[in-house]
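J.: For reference, the file work12.cif (mmCIF, C-alpha atoms) is included below:
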```
data_final
#
loop_
_atom_site.label_atom_id
_atom_site.label_comp_id
_atom_site.auth_asym_id
_atom_site.auth_seq_id
_atom_site.Cartn_x
_atom_site.Cartn_y
_atom_site.Cartn_z
CA MET A 1 10.63 -37.55 -20.77
CA ALA A 2 11.46 -35.83 -17.52
CA ASP A 3 12.54 -37.45 -14.29
CA SER A 4 9.44 -38.07 -12.19
CA ASN A 5 11.32 -37.05 -9.05
CA LYS A 6 12.38 -33.73 -10.47
CA SER A 7 10.82 -30.56 -9.10
CA TYR A 8 8.84 -28.39 -11.45
CA PRO A 9 9.51 -24.65 -11.77
CA ALA A 10 6.99 -21.93 -11.00
CA ILE A 11 8.35 -18.51 -11.87
CA ALA A 12 5.88 -15.61 -11.79
CA PRO A 13 5.46 -14.02 -15.26
CA LYS A 14 6.47 -10.55 -14.03
CA ASN A 15 9.72 -11.99 -12.59
CA TRP A 16 10.36 -14.09 -15.70
CA PHE A 17 10.12 -11.13 -18.06
CA ALA A 18 11.83 -8.68 -15.69
CA LEU A 19 14.91 -10.92 -15.57
CA ARG A 20 14.80 -11.39 -19.33
CA ARG A 21 14.87 -7.59 -19.78
CA GLU A 22 17.94 -7.41 -17.55
CA PHE A 23 19.60 -10.17 -19.56
CA LEU A 24 18.86 -8.19 -22.73
CA ARG A 25 20.86 -5.30 -21.29
CA THR A 26 23.71 -7.29 -19.79
CA VAL A 27 24.09 -10.97 -19.01
CA PRO A 28 25.59 -11.27 -15.49
CA ASN A 29 28.61 -13.46 -14.86
CA ARG A 30 26.72 -15.08 -11.98
CA VAL A 31 23.07 -14.99 -11.02
CA THR A 32 23.29 -14.57 -7.26
CA LEU A 33 20.62 -14.08 -4.62
CA SER A 34 21.61 -10.44 -4.17
CA TYR A 35 21.45 -9.86 -7.95
CA VAL A 36 17.92 -11.28 -8.22
CA ALA A 37 16.75 -9.52 -5.05
CA SER A 38 18.00 -6.18 -6.39
CA VAL A 39 16.55 -6.61 -9.88
CA LEU A 40 13.14 -7.76 -8.68
CA ASN A 41 13.03 -5.74 -5.44
CA ILE A 42 12.37 -8.81 -3.30
CA LYS A 43 14.05 -10.43 -0.30
CA GLU A 44 16.84 -12.94 -0.81
CA ASP A 45 14.79 -15.76 0.76
CA SER A 46 12.10 -15.17 -1.82
CA ALA A 47 14.71 -14.93 -4.57
CA ARG A 48 16.13 -18.32 -3.57
CA ALA A 49 12.83 -20.17 -3.47
CA ASN A 50 10.90 -18.47 -6.26
CA VAL A 51 13.52 -17.46 -8.82
CA VAL A 52 17.07 -18.80 -8.51
CA GLY A 53 16.03 -22.39 -7.77
CA PRO A 54 13.51 -22.51 -10.64
CA MET A 55 16.05 -20.92 -13.01
CA ARG A 56 18.37 -23.87 -12.32
CA ILE A 57 15.55 -26.32 -12.98
CA VAL A 58 14.68 -24.59 -16.24
CA GLY A 59 18.32 -24.63 -17.29
CA LEU A 60 18.98 -20.89 -17.58
CA ILE A 61 21.82 -21.09 -15.02
CA ASP A 62 24.03 -23.91 -13.81
CA ASP A 63 24.60 -24.99 -10.20
CA SER A 64 27.12 -22.16 -9.67
CA GLY A 65 24.71 -19.54 -11.01
CA LYS A 66 26.52 -19.04 -14.30
CA PRO A 67 24.15 -18.35 -17.25
CA THR A 68 24.00 -21.17 -19.76
CA ASP A 69 23.80 -21.11 -23.54
CA LEU A 70 20.05 -21.46 -23.14
CA ALA A 71 19.99 -18.13 -21.25
CA TYR A 72 21.73 -16.36 -24.12
CA ARG A 73 19.21 -17.78 -26.57
CA TRP A 74 16.33 -17.00 -24.18
CA ARG A 75 17.08 -13.27 -24.43
CA ASP A 76 16.86 -13.35 -28.23
CA ASP A 77 13.37 -12.52 -29.48
CA THR A 78 13.79 -14.68 -32.58
CA GLN A 79 14.69 -17.71 -30.46
CA TYR A 80 12.35 -17.17 -27.53
CA ALA A 81 9.63 -19.56 -28.77
CA SER A 82 12.10 -22.35 -29.51
CA VAL A 83 13.69 -21.93 -26.07
CA CYS A 84 10.28 -22.25 -24.39
CA GLN A 85 9.60 -25.39 -26.43
CA GLU A 86 12.96 -26.84 -25.44
CA ILE A 87 12.20 -26.25 -21.76
CA LEU A 88 8.84 -27.94 -22.12
CA ASP A 89 10.40 -30.98 -23.81
CA GLN A 90 13.15 -31.32 -21.23
CA ILE A 91 11.19 -30.80 -18.03
CA TYR A 92 7.57 -31.88 -18.29
CA ASP A 93 6.21 -35.42 -18.40
CA ASP A 94 4.78 -36.83 -21.60
CA GLU A 95 1.52 -37.43 -19.75
CA LEU A 96 1.11 -33.76 -18.96
CA ARG A 97 2.14 -32.76 -22.48
CA ALA A 98 -0.59 -35.05 -23.82
CA LEU A 99 -3.19 -33.65 -21.42
CA ALA A 100 -2.35 -30.06 -22.33
CA PRO A 101 -0.79 -29.95 -25.80
CA ASP A 102 -1.64 -26.31 -26.49
CA ALA A 103 -2.86 -23.09 -24.89
CA SER A 104 -6.51 -23.85 -25.63
CA THR A 105 -6.47 -26.48 -22.88
CA PRO A 106 -8.32 -25.45 -19.70
CA ILE A 107 -5.73 -24.45 -17.15
CA GLU A 108 -7.74 -26.24 -14.45
CA ARG A 109 -6.80 -29.56 -16.09
CA VAL A 110 -3.11 -28.80 -15.61
CA SER A 111 -3.67 -27.65 -12.02
CA ARG A 112 -5.49 -30.92 -11.23
CA TRP A 113 -2.59 -32.88 -12.70
CA PHE A 114 -0.10 -31.17 -10.40
CA ILE A 115 -2.41 -31.81 -7.44
CA SER A 116 -2.99 -35.49 -8.16
CA LYS A 117 0.38 -36.49 -9.62
CA ARG A 118 2.73 -34.23 -7.71
CA GLY A 119 0.82 -33.87 -4.44
CA LEU A 120 0.82 -30.08 -4.54
CA GLY A 121 -1.69 -27.82 -2.82
CA GLU A 122 -4.07 -25.69 -4.85
CA SER A 123 -1.97 -22.54 -4.62
CA ALA A 124 1.30 -24.22 -5.64
CA ALA A 125 -0.45 -26.22 -8.36
CA GLY A 126 -1.92 -23.02 -9.78
CA LYS A 127 1.51 -21.36 -9.92
CA ASN A 128 3.01 -24.39 -11.65
CA ALA A 129 0.14 -24.47 -14.14
CA ASN A 130 0.52 -20.75 -14.90
CA PHE A 131 4.22 -21.19 -15.69
CA TYR A 132 3.49 -24.22 -17.85
CA PHE A 133 1.07 -22.15 -19.92
CA LEU A 134 3.56 -19.25 -20.08
CA LEU A 135 6.00 -21.63 -21.78
CA LEU A 136 3.27 -23.20 -23.87
CA LYS A 137 2.12 -19.88 -25.32
CA ALA A 138 5.67 -18.48 -25.72
CA ASP A 139 4.12 -15.06 -26.28
CA LEU A 140 6.42 -12.08 -25.90
CA GLN A 141 3.35 -9.83 -25.80
CA GLU A 142 2.89 -11.10 -22.25
CA ALA A 143 6.08 -9.26 -21.34
CA SER A 144 4.41 -5.87 -21.74
CA GLU A 145 1.21 -7.13 -20.09
CA ALA A 146 3.15 -8.45 -17.09
CA THR A 147 4.96 -5.11 -16.78
CA THR A 148 1.67 -3.20 -16.94
CA ASN A 149 0.06 -5.43 -14.31
CA SER A 150 3.01 -5.17 -11.94
CA THR A 151 3.32 -1.37 -12.17
CA GLY A 152 -0.29 -0.35 -12.79
CA SER A 153 -1.39 -0.64 -9.17
CA SER A 154 1.51 1.46 -7.87
CA ARG A 155 0.87 4.11 -10.54
CA SER A 156 -2.81 4.16 -9.65
CA LYS A 157 -1.97 4.66 -5.97
CA THR A 158 0.40 7.49 -6.84
CA ALA A 159 -2.17 9.15 -9.09
CA ASN A 160 -4.86 8.90 -6.43
CA SER A 161 -2.50 10.35 -3.85
CA ASN A 162 -1.60 13.27 -6.11
CA SER A 163 -5.27 13.85 -6.90
CA ARG A 164 -6.12 14.07 -3.23
CA SER A 165 -3.26 16.43 -2.48
CA LYS A 166 -3.68 18.73 -5.50
CA GLY A 167 -7.26 18.61 -6.73
CA LYS A 168 -9.45 17.66 -3.81
CA PRO A 169 -10.00 19.27 -0.41
CA ASP A 170 -8.99 17.33 2.62
CA ASN A 171 -12.33 16.65 4.29
CA THR A 172 -10.64 15.35 7.41
CA LYS A 173 -8.68 18.55 7.95
CA SER A 174 -11.79 20.63 7.24
CA ALA A 175 -13.77 18.69 9.81
CA ASN A 176 -10.98 19.12 12.34
CA ARG A 177 -10.96 22.88 11.73
CA ASP A 178 -14.73 23.03 12.24
CA ASN A 179 -14.45 21.10 15.49
CA GLU A 180 -11.61 23.33 16.65
CA GLN A 181 -13.64 26.46 15.89
CA THR A 182 -16.56 25.04 17.83
CA ARG A 183 -14.35 24.31 20.81
CA VAL A 184 -12.86 27.82 20.67
CA GLY A 185 -16.31 29.39 20.48
CA MET A 186 -17.43 27.49 23.53
CA THR A 187 -14.35 28.63 25.42
CA GLN A 188 -14.85 32.27 24.52
CA VAL A 189 -18.47 32.39 25.70
CA PRO A 190 -18.66 30.35 28.91
CA GLU A 191 -22.02 29.86 30.49
CA GLN A 192 -21.31 31.35 33.91
CA PRO A 193 -24.16 33.72 34.84
CA ASP A 194 -22.66 34.53 38.27
CA LEU A 195 -19.43 35.95 36.78
CA PRO A 196 -18.94 39.48 35.38
CA VAL A 197 -19.79 39.78 31.70
CA VAL A 198 -17.31 41.71 29.57
CA GLN A 199 -18.89 43.73 26.77
CA THR A 200 -16.77 45.27 24.02
CA SER A 201 -17.82 48.33 22.07
CA HIS A 202 -15.96 48.40 18.72
CA GLU A 203 -17.39 51.77 17.78
CA GLN A 204 -16.15 53.56 20.91
CA ASN A 205 -13.08 51.35 21.37
CA SER A 206 -13.78 51.20 25.12
CA VAL A 207 -14.68 48.58 27.64
CA SER A 208 -17.56 48.80 30.11
CA LEU A 209 -18.13 46.51 33.03
CA HIS A 210 -21.49 45.39 34.31
CA PHE A 211 -21.77 43.88 37.80
CA ASP A 212 -24.71 42.14 39.41
CA PHE A 213 -24.78 42.09 43.20
CA GLN A 214 -26.94 40.08 45.55
CA ILE A 215 -27.29 41.58 49.04
CA HIS A 216 -28.73 39.54 51.85
CA ILE A 217 -30.01 41.73 54.73
CA SER A 218 -31.17 40.27 57.95
CA PRO A 219 -34.86 40.92 58.71
CA GLU A 220 -33.76 42.10 62.14
CA ALA A 221 -31.62 44.93 60.68
CA SER A 222 -32.81 48.43 61.54
CA THR A 223 -33.42 51.19 59.03
CA GLU A 224 -30.22 52.93 60.06
CA GLN A 225 -28.21 49.77 59.49
CA ILE A 226 -29.72 49.33 56.03
CA ASP A 227 -28.90 52.93 55.14
CA GLN A 228 -25.32 52.44 56.29
CA ILE A 229 -24.97 49.34 54.10
CA PHE A 230 -26.06 51.14 50.93
CA ALA A 231 -24.04 54.23 51.80
CA SER A 232 -20.93 52.08 52.18
CA MET A 233 -21.61 50.34 48.85
CA ALA A 234 -22.01 53.65 47.08
CA LYS A 235 -18.77 54.91 48.57
CA HIS A 236 -16.74 51.92 47.46
CA LEU A 237 -18.28 51.84 43.97
CA ASN A 238 -17.43 55.51 43.49
CA LEU A 239 -13.86 54.85 44.56
CA ALA A 240 -13.55 51.91 42.13
CA ARG A 241 -14.98 54.01 39.30
CA SER A 242 -12.51 56.83 39.89
#
```
Could you rewrite the structure in this file as structure tokens?

T.:
Amino acid sequence: MADSNKSYPAIAPKNWFALRREFLRTVPNRVTLSYVASVLNIKEDSARANVVGPMRIVGLIDDSGKPTDLAYRWRDDTQYASVCQEILDQIYDDELRALAPDASTPIERVSRWFISKRGLGESAAGKNANFYFLLLKADLQEASEATTNSTGSSRSKTANSNSRSKGKPDNTKSANRDNEQTRVGMTQVPEQPDLPVVQTSHEQNSVSLHFDFQIHISPEASTEQIDQIFASMAKHLNLARS
């Protein structure tokens, strides 16, 4: 029977199995915050609260962080189930073990026990219940499932990103190009009827200019004055043309 004042561990399955894989490769001399943070790609504060502390409670490391004999047996596939059973027997109350003797028990029953007996909130109770069932099932198949769940989302994001960059047109860029072309077209053909209009002849490769003039003549002007005005205009236009 466990001490009623003892905290209960809640290690996420992906972290549990990720650390076990590292232990299969090499058992560290000390499990430090920096070691866990590097292996799991998390911050040291999270490593302290969610991994290192619970590993001490479970008995995989001692107070100094040194792996115990249980940790060496934990990494052995043939002993994994017996290690999980040993942790259950050492940590969890007889009352909880009686309420949830096997994995067919509704997980909500275990969550309610942590809420009522341990005073945990729903989120914390759910995490504790999930870890209890991880030990109860002692299923190494969950190791591959946890790995798939933890990496599947990132792979999906990468695949979607590659699909957009390689196989699909960028609608945003296309829309921006259309808008830019529209703005350029409006700039090239301004609506200014009072300004000279430039007309280009591609066939003759020449440019002709067309001017519209508005002449205001006083009603009091004599015929001679009017003739002088038009004669002066004709003179200056001929000079500009030459």

J.: With only C-alpha atoms as the counted atoms, please give the residues lying no more than 12 Å from stretch 41-44 of chain A, apart from itself and same-chain residues fewer than 2 positions off, as a PyMOL selection string.

T.: chain A and resi 14-15+18-19+32-39+46-53+150

J.: In Å to one decimal, how far is atom CA of A:Arg75 from atom CA of A:Phe23?

T.: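 Atom CA of A:Arg75 lies at a distance of 6.3 Å from atom CA of A:Phe23.
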
J.: Point out the residue among A:Leu237, A:Leu134, A:Val27, A:Leu99 with the least atom-to-atom distance to A:Arg73, counting all atoms listed in the file.

T.: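 Answer, going by the shortest atom-to-atom distance: A:Val27.
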
J.: Of the residues A:Arg118, A:Arg56, A:Arg97, A:Lys137, which is the one nearest to A:Ile11, using all atoms listed in the file?

T.: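 Using all atoms listed in the file, the shortest distance to A:Ile11 belongs to A:Arg56.
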
J.: Choose the residue, out of A:Ala71, A:Cys84, A:Val58, A:Leu96, that has the smallest atom-to-atom separation from A:Arg20; count all atoms listed in the file.

T.: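 The shortest atom-to-atom distance to A:Arg20 comes from A:Ala71.
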
J.: Would you translate the PyMOL selection byres ((chain A and resi 114) around 12) into the concrete set of residues it matches in this file, as an NGL selection string?

T.: :A and (4 or 7-10 or 92-93 or 95-96 or 99 or 107-113 or 115-130 or 132)

J.: Show me the residues close to (20.8, -13.5, -23.4) - anything with an atom within 12 Å, counting only C-alpha atoms - and format the list as a ChimeraX atom specification.

T.: /A:19-29,60-61,67-80,83

J.: Calculate how many Å separate atom CA of A:Ala98 from atom CA of A:Gly59, rounding to one decimal.

T.: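 Computed distance, atom CA of A:Ala98 to atom CA of A:Gly59, equals 22.6 Å.
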
J.: Using atom CA of A:Ser232 and atom CA of A:Ile217 as the two end points, give the distance in Å to one decimal.

T.: 14.0 Å

J.: Considering only C-alpha atoms, state which residue in the set A:Ile87, A:Ile226, A:Met233, A:Val31 is at the smallest distance from A:Asp63.

T.: A:Val31

J.: Restore N, CA, C and O atoms in stretch 37-62 of chain A and list the result as a PDB file, in the frame of the given file.

T.:
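As written to disk, result09.pdb reads:
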```
ATOM      1  N   ALA A  37      17.495 -10.343  -6.012  1.00  0.00           N
ATOM      2  CA  ALA A  37      16.750  -9.520  -5.050  1.00  0.00           C
ATOM      3  C   ALA A  37      16.773  -8.060  -5.458  1.00  0.00           C
ATOM      4  O   ALA A  37      15.766  -7.346  -5.310  1.00  0.00           O
ATOM      5  N   SER A  38      17.895  -7.586  -5.979  1.00  0.00           N
ATOM      6  CA  SER A  38      18.000  -6.180  -6.390  1.00  0.00           C
ATOM      7  C   SER A  38      17.200  -5.907  -7.655  1.00  0.00           C
ATOM      8  O   SER A  38      16.504  -4.893  -7.752  1.00  0.00           O
ATOM      9  N   VAL A  39      17.267  -6.807  -8.615  1.00  0.00           N
ATOM     10  CA  VAL A  39      16.550  -6.610  -9.880  1.00  0.00           C
ATOM     11  C   VAL A  39      15.041  -6.632  -9.673  1.00  0.00           C
ATOM     12  O   VAL A  39      14.305  -5.808 -10.226  1.00  0.00           O
ATOM     13  N   LEU A  40      14.584  -7.563  -8.851  1.00  0.00           N
ATOM     14  CA  LEU A  40      13.140  -7.760  -8.680  1.00  0.00           C
ATOM     15  C   LEU A  40      12.578  -7.056  -7.446  1.00  0.00           C
ATOM     16  O   LEU A  40      11.371  -7.097  -7.207  1.00  0.00           O
ATOM     17  N   ASN A  41      13.456  -6.428  -6.645  1.00  0.00           N
ATOM     18  CA  ASN A  41      13.030  -5.740  -5.440  1.00  0.00           C
ATOM     19  C   ASN A  41      12.286  -6.690  -4.487  1.00  0.00           C
ATOM     20  O   ASN A  41      11.181  -6.416  -4.030  1.00  0.00           O
ATOM     21  N   ILE A  42      12.922  -7.826  -4.221  1.00  0.00           N
ATOM     22  CA  ILE A  42      12.370  -8.810  -3.300  1.00  0.00           C
ATOM     23  C   ILE A  42      13.456  -9.200  -2.302  1.00  0.00           C
ATOM     24  O   ILE A  42      14.619  -8.834  -2.451  1.00  0.00           O
ATOM     25  N   LYS A  43      13.083  -9.970  -1.286  1.00  0.00           N
ATOM     26  CA  LYS A  43      14.050 -10.430  -0.300  1.00  0.00           C
ATOM     27  C   LYS A  43      14.812 -11.631  -0.852  1.00  0.00           C
ATOM     28  O   LYS A  43      14.336 -12.348  -1.731  1.00  0.00           O
ATOM     29  N   GLU A  44      15.991 -11.859  -0.307  1.00  0.00           N
ATOM     30  CA  GLU A  44      16.840 -12.940  -0.810  1.00  0.00           C
ATOM     31  C   GLU A  44      16.201 -14.316  -0.570  1.00  0.00           C
ATOM     32  O   GLU A  44      16.381 -15.231  -1.381  1.00  0.00           O
ATOM     33  N   ASP A  45      15.465 -14.478   0.529  1.00  0.00           N
ATOM     34  CA  ASP A  45      14.790 -15.760   0.760  1.00  0.00           C
ATOM     35  C   ASP A  45      13.785 -16.048  -0.336  1.00  0.00           C
ATOM     36  O   ASP A  45      13.670 -17.186  -0.808  1.00  0.00           O
ATOM     37  N   SER A  46      13.056 -15.012  -0.727  1.00  0.00           N
ATOM     38  CA  SER A  46      12.100 -15.170  -1.820  1.00  0.00           C
ATOM     39  C   SER A  46      12.807 -15.414  -3.137  1.00  0.00           C
ATOM     40  O   SER A  46      12.352 -16.208  -3.969  1.00  0.00           O
ATOM     41  N   ALA A  47      13.934 -14.734  -3.344  1.00  0.00           N
ATOM     42  CA  ALA A  47      14.710 -14.930  -4.570  1.00  0.00           C
ATOM     43  C   ALA A  47      15.203 -16.363  -4.682  1.00  0.00           C
ATOM     44  O   ALA A  47      15.180 -16.966  -5.768  1.00  0.00           O
ATOM     45  N   ARG A  48      15.632 -16.942  -3.561  1.00  0.00           N
ATOM     46  CA  ARG A  48      16.130 -18.320  -3.570  1.00  0.00           C
ATOM     47  C   ARG A  48      15.032 -19.303  -3.940  1.00  0.00           C
ATOM     48  O   ARG A  48      15.222 -20.179  -4.804  1.00  0.00           O
ATOM     49  N   ALA A  49      13.894 -19.179  -3.295  1.00  0.00           N
ATOM     50  CA  ALA A  49      12.830 -20.170  -3.470  1.00  0.00           C
ATOM     51  C   ALA A  49      12.050 -19.985  -4.773  1.00  0.00           C
ATOM     52  O   ALA A  49      11.661 -20.971  -5.413  1.00  0.00           O
ATOM     53  N   ASN A  50      11.824 -18.735  -5.155  1.00  0.00           N
ATOM     54  CA  ASN A  50      10.900 -18.470  -6.260  1.00  0.00           C
ATOM     55  C   ASN A  50      11.560 -18.133  -7.585  1.00  0.00           C
ATOM     56  O   ASN A  50      10.875 -18.087  -8.614  1.00  0.00           O
ATOM     57  N   VAL A  51      12.877 -17.879  -7.574  1.00  0.00           N
ATOM     58  CA  VAL A  51      13.520 -17.460  -8.820  1.00  0.00           C
ATOM     59  C   VAL A  51      14.794 -18.261  -9.109  1.00  0.00           C
ATOM     60  O   VAL A  51      14.889 -18.941 -10.131  1.00  0.00           O
ATOM     61  N   VAL A  52      15.779 -18.181  -8.227  1.00  0.00           N
ATOM     62  CA  VAL A  52      17.070 -18.800  -8.510  1.00  0.00           C
ATOM     63  C   VAL A  52      16.949 -20.316  -8.642  1.00  0.00           C
ATOM     64  O   VAL A  52      17.470 -20.918  -9.594  1.00  0.00           O
ATOM     65  N   GLY A  53      16.241 -20.947  -7.688  1.00  0.00           N
ATOM     66  CA  GLY A  53      16.030 -22.390  -7.770  1.00  0.00           C
ATOM     67  C   GLY A  53      15.330 -22.804  -9.064  1.00  0.00           C
ATOM     68  O   GLY A  53      15.813 -23.692  -9.790  1.00  0.00           O
ATOM     69  N   PRO A  54      14.187 -22.181  -9.375  1.00  0.00           N
ATOM     70  CA  PRO A  54      13.510 -22.510 -10.640  1.00  0.00           C
ATOM     71  C   PRO A  54      14.343 -22.229 -11.885  1.00  0.00           C
ATOM     72  O   PRO A  54      14.237 -22.948 -12.881  1.00  0.00           O
ATOM     73  N   MET A  55      15.197 -21.196 -11.846  1.00  0.00           N
ATOM     74  CA  MET A  55      16.050 -20.920 -13.010  1.00  0.00           C
ATOM     75  C   MET A  55      17.040 -22.068 -13.242  1.00  0.00           C
ATOM     76  O   MET A  55      17.377 -22.389 -14.391  1.00  0.00           O
ATOM     77  N   ARG A  56      17.498 -22.697 -12.166  1.00  0.00           N
ATOM     78  CA  ARG A  56      18.370 -23.870 -12.320  1.00  0.00           C
ATOM     79  C   ARG A  56      17.594 -25.032 -12.924  1.00  0.00           C
ATOM     80  O   ARG A  56      18.105 -25.756 -13.789  1.00  0.00           O
ATOM     81  N   ILE A  57      16.368 -25.227 -12.460  1.00  0.00           N
ATOM     82  CA  ILE A  57      15.550 -26.320 -12.980  1.00  0.00           C
ATOM     83  C   ILE A  57      15.286 -26.124 -14.471  1.00  0.00           C
ATOM     84  O   ILE A  57      15.378 -27.065 -15.272  1.00  0.00           O
ATOM     85  N   VAL A  58      14.970 -24.900 -14.848  1.00  0.00           N
ATOM     86  CA  VAL A  58      14.680 -24.590 -16.240  1.00  0.00           C
ATOM     87  C   VAL A  58      15.930 -24.772 -17.111  1.00  0.00           C
ATOM     88  O   VAL A  58      15.849 -25.158 -18.277  1.00  0.00           O
ATOM     89  N   GLY A  59      17.084 -24.493 -16.539  1.00  0.00           N
ATOM     90  CA  GLY A  59      18.320 -24.630 -17.290  1.00  0.00           C
ATOM     91  C   GLY A  59      18.917 -23.317 -17.750  1.00  0.00           C
ATOM     92  O   GLY A  59      19.820 -23.301 -18.597  1.00  0.00           O
ATOM     93  N   LEU A  60      18.429 -22.188 -17.203  1.00  0.00           N
ATOM     94  CA  LEU A  60      18.980 -20.890 -17.580  1.00  0.00           C
ATOM     95  C   LEU A  60      20.315 -20.621 -16.895  1.00  0.00           C
ATOM     96  O   LEU A  60      21.128 -19.835 -17.399  1.00  0.00           O
ATOM     97  N   ILE A  61      20.539 -21.227 -15.727  1.00  0.00           N
ATOM     98  CA  ILE A  61      21.820 -21.090 -15.020  1.00  0.00           C
ATOM     99  C   ILE A  61      22.238 -22.483 -14.542  1.00  0.00           C
ATOM    100  O   ILE A  61      21.396 -23.372 -14.353  1.00  0.00           O
ATOM    101  N   ASP A  62      23.547 -22.644 -14.336  1.00  0.00           N
ATOM    102  CA  ASP A  62      24.030 -23.910 -13.810  1.00  0.00           C
ATOM    103  C   ASP A  62      24.049 -23.864 -12.286  1.00  0.00           C
ATOM    104  O   ASP A  62      23.576 -22.890 -11.671  1.00  0.00           O
TER     105      ASP A  62
END
```
